[in-house]
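Novice: If it helps, the file is called my_file_15.cif and holds mmCIF, C-alpha atoms:
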data_run
loop_
_atom_site.label_atom_id
_atom_site.label_comp_id
_atom_site.auth_asym_id
_atom_site.auth_seq_id
_atom_site.Cartn_x
_atom_site.Cartn_y
_atom_site.Cartn_z
CA MET A 3 118.15 69.58 1.28
CA MET A 4 116.69 71.07 -1.90
CA LEU A 5 112.92 71.35 -1.90
CA LYS A 6 111.01 69.82 -4.79
CA PRO A 7 108.75 72.61 -6.04
CA LEU A 8 105.03 72.03 -6.47
CA ILE A 9 104.16 72.86 -10.08
CA GLY A 10 100.55 73.15 -11.21
CA ILE A 11 99.42 71.93 -14.63
CA PRO A 12 95.89 72.97 -15.74
CA ALA A 13 93.97 70.06 -17.22
CA CYS A 14 91.80 69.92 -20.32
CA THR A 15 88.34 68.35 -20.43
CA ARG A 16 87.57 65.38 -22.66
CA GLN A 17 84.63 63.08 -23.22
CA LEU A 18 85.91 59.49 -23.09
CA GLY A 19 83.05 57.19 -23.92
CA GLU A 20 80.04 58.31 -21.89
CA HIS A 21 82.06 60.02 -19.16
CA PRO A 22 83.72 63.46 -18.94
CA PHE A 23 87.35 63.47 -17.82
CA HIS A 24 89.97 66.01 -16.78
CA VAL A 25 93.13 65.08 -18.68
CA CYS A 26 96.75 66.07 -19.15
CA GLY A 27 99.36 64.62 -21.49
CA ASP A 28 102.02 62.43 -19.91
CA LYS A 29 104.78 64.37 -21.73
CA TYR A 30 103.91 67.51 -19.73
CA VAL A 31 103.82 65.63 -16.45
CA ARG A 32 107.25 64.12 -17.22
CA ALA A 33 108.60 67.50 -18.29
CA VAL A 34 107.74 68.83 -14.84
CA SER A 35 108.93 65.79 -12.87
CA ASP A 36 112.03 64.90 -14.90
CA GLY A 37 112.88 68.10 -16.75
CA ALA A 38 112.07 70.75 -14.14
CA GLY A 39 112.59 68.54 -11.08
CA GLY A 40 109.19 69.41 -9.66
CA VAL A 41 106.17 67.65 -8.23
CA PRO A 42 103.36 67.85 -10.83
CA LEU A 43 99.93 68.85 -9.54
CA LEU A 44 97.12 68.43 -12.08
CA ILE A 45 94.55 71.20 -11.72
CA PRO A 46 91.01 70.25 -12.80
CA ALA A 47 89.30 72.55 -15.27
CA LEU A 48 86.70 73.82 -12.80
CA GLY A 49 86.85 77.50 -13.73
CA ASN A 50 85.17 79.77 -11.20
CA ALA A 51 84.71 76.90 -8.76
CA LEU A 52 88.42 77.24 -7.95
CA ASP A 53 89.76 79.91 -5.62
CA MET A 54 92.57 80.97 -7.94
CA ASP A 55 94.49 83.07 -5.42
CA ASP A 56 94.36 80.38 -2.75
CA LEU A 57 95.44 77.72 -5.25
CA VAL A 58 98.28 79.72 -6.80
CA GLY A 59 99.44 80.73 -3.32
CA ARG A 60 100.23 77.05 -2.69
CA LEU A 61 102.18 76.61 -5.96
CA ASP A 62 105.82 77.16 -6.81
CA GLY A 63 105.31 77.13 -10.57
CA LEU A 64 102.65 76.92 -13.27
CA LEU A 65 103.10 75.00 -16.54
CA VAL A 66 100.36 75.83 -19.06
CA THR A 67 100.29 73.09 -21.68
CA GLY A 68 99.44 72.62 -25.29
CA SER A 69 96.15 71.02 -26.31
CA PRO A 70 94.22 69.95 -29.43
CA SER A 71 91.62 72.60 -28.52
CA ASN A 72 91.76 76.32 -29.30
CA VAL A 73 90.96 79.33 -27.12
CA GLU A 74 87.40 80.49 -27.79
CA PRO A 75 87.64 83.59 -30.03
CA HIS A 76 85.24 85.67 -27.93
CA ARG A 77 88.04 85.71 -25.33
CA TYR A 78 90.10 88.00 -27.57
CA GLY A 79 87.42 89.72 -29.67
CA GLY A 80 87.90 87.40 -32.65
CA GLU A 81 85.39 86.33 -35.26
CA PRO A 82 83.37 83.17 -34.51
CA SER A 83 85.41 80.09 -35.33
CA GLU A 84 84.63 77.72 -38.16
CA PRO A 85 82.05 75.02 -37.30
CA GLY A 86 83.73 71.92 -35.98
CA THR A 87 86.63 73.78 -34.34
CA LEU A 88 87.54 72.09 -31.08
CA HIS A 89 87.16 74.36 -28.06
CA ASP A 90 87.39 73.75 -24.33
CA PRO A 91 85.59 76.55 -22.47
CA ASP A 92 86.30 74.98 -19.08
CA ARG A 93 90.01 75.00 -19.86
CA ASP A 94 89.77 78.68 -20.90
CA ALA A 95 87.89 79.54 -17.71
CA THR A 96 90.59 77.87 -15.66
CA SER A 97 93.90 78.65 -17.38
CA LEU A 98 93.32 82.31 -18.16
CA PRO A 99 92.67 83.41 -14.55
CA LEU A 100 95.38 81.04 -13.30
CA ILE A 101 97.89 82.79 -15.56
CA LEU A 102 96.87 86.20 -14.26
CA ALA A 103 97.02 85.04 -10.64
CA ALA A 104 100.47 83.50 -11.15
CA LEU A 105 101.82 86.71 -12.66
CA GLU A 106 100.26 88.80 -9.91
CA MET A 107 101.77 86.62 -7.19
CA GLY A 108 105.19 86.19 -8.81
CA VAL A 109 104.84 82.44 -9.37
CA PRO A 110 107.16 81.17 -12.16
CA LEU A 111 105.26 80.47 -15.37
CA LEU A 112 106.04 78.44 -18.48
CA GLY A 113 103.53 78.37 -21.35
CA ILE A 114 103.69 75.88 -24.22
CA CYS A 115 101.73 76.07 -27.51
CA ARG A 116 98.13 76.67 -26.35
CA GLY A 117 99.62 77.97 -23.12
CA PHE A 118 101.67 80.47 -25.15
CA GLN A 119 98.50 81.65 -26.86
CA GLU A 120 96.61 81.75 -23.56
CA LEU A 121 99.26 84.00 -22.01
CA ASN A 122 98.84 86.45 -24.89
CA VAL A 123 95.03 86.36 -24.63
CA ALA A 124 95.06 86.70 -20.82
CA LEU A 125 97.07 89.91 -21.15
CA GLY A 126 94.85 91.40 -23.88
CA GLY A 127 96.42 90.14 -27.11
CA SER A 128 94.72 88.39 -30.02
CA LEU A 129 95.21 85.32 -32.22
CA HIS A 130 95.20 84.29 -35.86
CA GLN A 131 92.76 81.39 -36.11
CA LYS A 132 94.18 79.96 -39.36
CA LEU A 133 97.80 80.83 -39.97
CA HIS A 134 97.85 78.98 -43.29
CA GLU A 135 95.26 81.42 -44.65
CA VAL A 136 97.13 84.57 -43.59
CA PRO A 137 99.06 86.15 -46.48
CA GLY A 138 102.79 86.00 -45.87
CA LEU A 139 102.64 83.38 -43.13
CA ASN A 140 103.59 79.75 -43.56
CA ASP A 141 101.54 76.67 -42.73
CA HIS A 142 102.74 75.76 -39.24
CA ARG A 143 100.67 72.58 -38.89
CA GLU A 144 102.17 69.14 -38.56
CA ASP A 145 101.51 66.23 -40.91
CA LYS A 146 99.12 64.22 -38.76
CA THR A 147 99.58 61.14 -40.93
CA ALA A 148 103.30 61.00 -40.12
CA PRO A 149 104.75 59.05 -37.17
CA LEU A 150 105.00 61.08 -33.96
CA PRO A 151 108.80 61.47 -34.10
CA GLU A 152 108.39 63.10 -37.51
CA GLN A 153 105.52 65.32 -36.37
CA TYR A 154 107.65 66.55 -33.48
CA GLY A 155 110.86 66.75 -35.49
CA PRO A 156 112.60 70.04 -36.38
CA ALA A 157 110.34 72.00 -38.75
CA HIS A 158 111.86 75.46 -39.09
CA ARG A 159 114.22 77.89 -37.42
CA VAL A 160 113.40 80.78 -35.12
CA ARG A 161 115.54 83.87 -34.65
CA LEU A 162 116.29 84.54 -30.99
CA THR A 163 116.25 88.08 -29.62
CA PRO A 164 119.84 89.10 -28.79
CA GLY A 165 120.29 89.43 -25.04
CA GLY A 166 116.97 87.71 -24.36
CA LEU A 167 116.30 84.90 -21.93
CA LEU A 168 116.10 82.24 -24.64
CA SER A 169 119.27 83.50 -26.28
CA GLY A 170 121.05 83.11 -22.97
CA LEU A 171 119.72 79.58 -22.51
CA ALA A 172 120.91 78.81 -26.06
CA ASN A 173 124.43 80.05 -25.21
CA GLY A 174 124.03 83.17 -27.33
CA ALA A 175 122.89 81.39 -30.50
CA GLU A 176 121.29 83.64 -33.11
CA SER A 177 118.72 80.99 -34.12
CA VAL A 178 117.60 77.46 -33.29
CA SER A 179 115.48 74.79 -34.95
CA VAL A 180 112.08 74.04 -33.41
CA ASN A 181 109.13 71.76 -34.06
CA SER A 182 105.82 73.12 -35.30
CA LEU A 183 102.41 71.65 -34.50
CA HIS A 184 99.97 74.55 -34.43
CA GLY A 185 97.30 76.00 -36.68
CA GLN A 186 96.79 79.21 -34.68
CA GLY A 187 99.28 81.83 -33.56
CA LEU A 188 99.76 85.31 -32.19
CA HIS A 189 98.21 88.19 -34.11
CA ARG A 190 98.43 91.22 -31.83
CA VAL A 191 101.06 90.75 -29.14
CA ALA A 192 99.76 91.87 -25.76
CA GLU A 193 101.25 94.87 -24.00
CA GLY A 194 103.70 93.82 -21.34
CA LEU A 195 105.18 91.00 -23.42
CA SER A 196 108.66 91.11 -24.92
CA VAL A 197 109.36 89.07 -28.05
CA GLU A 198 111.95 86.34 -27.48
CA ALA A 199 111.84 84.47 -30.80
CA VAL A 200 110.43 85.00 -34.31
CA ALA A 201 109.94 82.44 -37.08
CA GLU A 202 111.30 82.87 -40.59
CA ASP A 203 107.94 84.18 -41.81
CA GLY A 204 107.79 86.82 -39.06
CA LEU A 205 105.42 84.97 -36.72
CA VAL A 206 106.19 85.57 -33.05
CA GLU A 207 107.06 82.22 -31.47
CA ALA A 208 108.23 83.08 -27.94
CA VAL A 209 107.55 85.86 -25.44
CA ARG A 210 108.37 86.72 -21.87
CA VAL A 211 106.48 88.92 -19.43
CA THR A 212 108.67 92.01 -19.34
CA ALA A 213 107.94 93.17 -15.78
CA ALA A 214 107.50 89.75 -14.15
CA PRO A 215 109.46 89.42 -10.89
CA SER A 216 110.24 85.79 -11.69
CA PHE A 217 110.53 83.43 -14.65
CA ALA A 218 107.58 84.06 -17.01
CA LEU A 219 108.16 82.75 -20.52
CA ALA A 220 106.06 81.04 -23.18
CA VAL A 221 106.91 79.35 -26.49
CA GLN A 222 104.79 78.29 -29.44
CA TRP A 223 106.72 75.07 -30.04
CA HIS A 224 106.90 71.92 -27.88
CA PRO A 225 110.03 71.74 -25.70
CA GLU A 226 108.44 69.01 -23.58
CA TRP A 227 108.79 66.47 -26.41
CA ARG A 228 111.86 64.31 -25.68
CA PHE A 229 113.41 67.36 -24.03
CA TRP A 230 116.51 65.41 -23.00
CA GLU A 231 117.51 65.16 -26.68
CA ASP A 232 117.44 68.94 -27.26
CA PRO A 233 119.87 71.21 -25.35
CA LEU A 234 117.62 74.29 -25.44
CA SER A 235 114.52 72.36 -24.32
CA ALA A 236 116.44 70.80 -21.44
CA ALA A 237 117.91 74.18 -20.45
CA LEU A 238 114.48 75.83 -20.62
CA LEU A 239 112.92 73.28 -18.27
CA ARG A 240 115.89 73.46 -15.89
CA ALA A 241 115.61 77.25 -15.74
CA PHE A 242 111.89 77.01 -15.03
CA GLY A 243 112.55 74.40 -12.35
CA SER A 244 115.28 76.51 -10.74
CA ALA A 245 112.93 79.50 -10.54
CA ALA A 246 110.29 77.24 -8.97
CA VAL A 247 112.81 76.00 -6.38
CA GLU A 248 113.66 79.59 -5.47
CA HIS A 249 109.97 80.34 -5.07
CA ALA A 250 109.50 77.25 -2.89
CA GLN A 251 112.34 78.36 -0.63
CA ARG A 252 110.84 81.84 -0.25
CA ARG A 253 107.44 80.32 0.45
CA VAL A 254 108.83 78.10 3.22
CA ARG A 255 110.61 81.07 4.85
CA ARG A 256 107.41 83.12 5.00
#
Take the structure in this file and express it as structure tokens.
Specialist:
Amino acid sequence: MMLKPLIGIPACTRQLGEHPFHVCGDKYVRAVSDGAGGVPLLIPALGNALDMDDLVGRLDGLLVTGSPSNVEPHRYGGEPSEPGTLHDPDRDATSLPLILAALEMGVPLLGICRGFQELNVALGGSLHQKLHEVPGLNDHREDKTAPLPEQYGPAHRVRLTPGGLLSGLANGAESVSVNSLHGQGLHRVAEGLSVEAVAEDGLVEAVRVTAAPSFALAVQWHPEWRFWEDPLSAALLRAFGSAAVEHAQRRVRR
């Protein structure tokens, strides 16, 4: 009988009314349960209060989600952000060490949007804080006044690296259409990451951890959104889930 892998999802913090909450979008939970075939485990944003090694040692996968907040720029040596920029220091203090622990322990990892940026920062890379102000780069933000299906609709194409993991999941396609809902993006790609996809303006949109012993991939777009309607998104989540199942089987045998 196939084991259902336990897949951790780091939460964000939000103030709802007068109370602080740890939250995670339903679309990520469903992507794990329905797309990857795993059991979602929401990880509170408790930072150093968590024993990262002990926690990750109990997991079979780690899905690092998108979020309205941005990584604090001091984490990658960036200039102070513009006043009013939404940050979540508790999320940073939780996700960044979780990513490093997962990579160290060979736990399959999938990063999405903020999670893609967090992987780069955790490994020593840096970010553009405002892509639309960088000469030569396009505005990658969504129209927030549009209905959600339009916000998450195809926005531009990305060129897939020949022979890469994403190319294989896309049956060898040279490029695919993706959605685009981000204001920040990769500036300096961290050492140890291999580029898997690049947007038409040259912005890196997907990477994998070159020396990772298991699945370790991150994308700037949102494959969790109605993944069952997009062949590459569905294949990406299945591949992540399969790697998590393999990890669960190894963990049980130990």
Novice: Each residue of range 220-248 of chain A with at least one atom at most 12 Å from range 154-166 of chain A should appear once, together with its nearest atom pair and the corresponding distance in Å (one decimal); atoms considered: only C-alpha atoms; ordering: chain, then increasing residue number; output as JSON lines.
Specialist:
{"residue": "A:Val221", "atom": "CA", "partner": "A:Val160", "partner_atom": "CA", "distance": 10.9}
{"residue": "A:Gln222", "atom": "CA", "partner": "A:Val160", "partner_atom": "CA", "distance": 10.6}
{"residue": "A:Trp223", "atom": "CA", "partner": "A:Tyr154", "partner_atom": "CA", "distance": 9.2}
{"residue": "A:His224", "atom": "CA", "partner": "A:Tyr154", "partner_atom": "CA", "distance": 7.8}
{"residue": "A:Pro225", "atom": "CA", "partner": "A:Tyr154", "partner_atom": "CA", "distance": 9.7}
{"residue": "A:Glu226", "atom": "CA", "partner": "A:Tyr154", "partner_atom": "CA", "distance": 10.2}
{"residue": "A:Trp227", "atom": "CA", "partner": "A:Tyr154", "partner_atom": "CA", "distance": 7.2}
{"residue": "A:Arg228", "atom": "CA", "partner": "A:Tyr154", "partner_atom": "CA", "distance": 9.1}
{"residue": "A:Phe229", "atom": "CA", "partner": "A:Tyr154", "partner_atom": "CA", "distance": 11.1}
{"residue": "A:Glu231", "atom": "CA", "partner": "A:Gly155", "partner_atom": "CA", "distance": 11.2}
{"residue": "A:Asp232", "atom": "CA", "partner": "A:Pro156", "partner_atom": "CA", "distance": 10.4}
{"residue": "A:Leu234", "atom": "CA", "partner": "A:Leu162", "partner_atom": "CA", "distance": 11.7}
Novice: Apply the PyMOL selection byres ((chain A and resi 54-57) around 12) to the file shown and report the selected residues as a ChimeraX atom specification.
Specialist: /A:8-12,43-53,58-64,95-109
Novice: Keeping only C-alpha atoms, take the residues you just selected and write them out as a PDB file, in the frame of the given file.
Specialist:
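Result written to part_35.pdb:
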ATOM      1  CA  LEU A   8     105.030  72.030  -6.470  1.00  0.00           C
ATOM      2  CA  ILE A   9     104.160  72.860 -10.080  1.00  0.00           C
ATOM      3  CA  GLY A  10     100.550  73.150 -11.210  1.00  0.00           C
ATOM      4  CA  ILE A  11      99.420  71.930 -14.630  1.00  0.00           C
ATOM      5  CA  PRO A  12      95.890  72.970 -15.740  1.00  0.00           C
ATOM      6  CA  LEU A  43      99.930  68.850  -9.540  1.00  0.00           C
ATOM      7  CA  LEU A  44      97.120  68.430 -12.080  1.00  0.00           C
ATOM      8  CA  ILE A  45      94.550  71.200 -11.720  1.00  0.00           C
ATOM      9  CA  PRO A  46      91.010  70.250 -12.800  1.00  0.00           C
ATOM     10  CA  ALA A  47      89.300  72.550 -15.270  1.00  0.00           C
ATOM     11  CA  LEU A  48      86.700  73.820 -12.800  1.00  0.00           C
ATOM     12  CA  GLY A  49      86.850  77.500 -13.730  1.00  0.00           C
ATOM     13  CA  ASN A  50      85.170  79.770 -11.200  1.00  0.00           C
ATOM     14  CA  ALA A  51      84.710  76.900  -8.760  1.00  0.00           C
ATOM     15  CA  LEU A  52      88.420  77.240  -7.950  1.00  0.00           C
ATOM     16  CA  ASP A  53      89.760  79.910  -5.620  1.00  0.00           C
ATOM     17  CA  VAL A  58      98.280  79.720  -6.800  1.00  0.00           C
ATOM     18  CA  GLY A  59      99.440  80.730  -3.320  1.00  0.00           C
ATOM     19  CA  ARG A  60     100.230  77.050  -2.690  1.00  0.00           C
ATOM     20  CA  LEU A  61     102.180  76.610  -5.960  1.00  0.00           C
ATOM     21  CA  ASP A  62     105.820  77.160  -6.810  1.00  0.00           C
ATOM     22  CA  GLY A  63     105.310  77.130 -10.570  1.00  0.00           C
ATOM     23  CA  LEU A  64     102.650  76.920 -13.270  1.00  0.00           C
ATOM     24  CA  ALA A  95      87.890  79.540 -17.710  1.00  0.00           C
ATOM     25  CA  THR A  96      90.590  77.870 -15.660  1.00  0.00           C
ATOM     26  CA  SER A  97      93.900  78.650 -17.380  1.00  0.00           C
ATOM     27  CA  LEU A  98      93.320  82.310 -18.160  1.00  0.00           C
ATOM     28  CA  PRO A  99      92.670  83.410 -14.550  1.00  0.00           C
ATOM     29  CA  LEU A 100      95.380  81.040 -13.300  1.00  0.00           C
ATOM     30  CA  ILE A 101      97.890  82.790 -15.560  1.00  0.00           C
ATOM     31  CA  LEU A 102      96.870  86.200 -14.260  1.00  0.00           C
ATOM     32  CA  ALA A 103      97.020  85.040 -10.640  1.00  0.00           C
ATOM     33  CA  ALA A 104     100.470  83.500 -11.150  1.00  0.00           C
ATOM     34  CA  LEU A 105     101.820  86.710 -12.660  1.00  0.00           C
ATOM     35  CA  GLU A 106     100.260  88.800  -9.910  1.00  0.00           C
ATOM     36  CA  MET A 107     101.770  86.620  -7.190  1.00  0.00           C
ATOM     37  CA  GLY A 108     105.190  86.190  -8.810  1.00  0.00           C
ATOM     38  CA  VAL A 109     104.840  82.440  -9.370  1.00  0.00           C
TER      39      VAL A 109
END
Novice: CA of Tyr30 in chain A and CA of Ala246 in chain A, how far apart in Å?
Specialist: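 Computed distance, CA of Ala246 in chain A to CA of Tyr30 in chain A, equals 15.8 Å.
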Novice: Hey, can you check how far CA of Val211 in chain A sits from CA of Ser196 in chain A?
Specialist: 6.3 Å
Novice: Under the rule that all atoms listed in the file are counted, which of A:Leu171, A:Ala245, A:Ala192, A:Val34 is the nearest residue to Phe217 in chain A?
Specialist: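 Using all atoms listed in the file, Phe217 in chain A sits closest to A:Ala245.
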Novice: Using all atoms listed in the file, pick whichever of A:Leu88, A:Ala241, A:Ala208, A:Ala250 has the shortest atom-to-atom distance to Arg16 in chain A.
Specialist: A:Leu88
Novice: I need the residue nearest Glu207 in chain A from this list: A:His249, A:Arg240, A:His21, A:His142. Use only C-alpha atoms for the distance.
Specialist: A:His142
Novice: Restricting the calculation to all atoms listed in the file, which member of A:Leu168, A:Glu193, A:Gly19, A:Leu5 is positioned closest to Asn122 in chain A?
Specialist: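 Of A:Leu168, A:Glu193, A:Gly19, A:Leu5, the one nearest Asn122 in chain A, counting all atoms listed in the file, is A:Glu193.
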Novice: For CA of Val197 in chain A and CA of Val73 in chain A, quote the distance in Å rounded to one decimal.
Specialist: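 If I compute the distance from CA of Val197 in chain A to CA of Val73 in chain A, I get 20.8 Å.
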Novice: I need the residue set behind the PyMOL selection byres ((chain A and resi 132) around 8) for this file; please write it as JSON, numbers by chain.
Specialist: {"A": [130, 131, 133, 134, 135, 136, 185, 186, 187]}
Novice: Which one is closest to Lys6 in chain A: A:Pro151, A:Ser71, A:Val247, A:Val200? Count all atoms listed in the file.
Specialist: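 Ranking A:Pro151, A:Ser71, A:Val247, A:Val200 by distance to Lys6 in chain A, first place goes to A:Val247.
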Novice: Using only C-alpha atoms, which of the listed residues (A:Leu219, A:Leu205, A:Leu195, A:Leu183) sits closest to Cys115 in chain A?
Specialist: A:Leu183
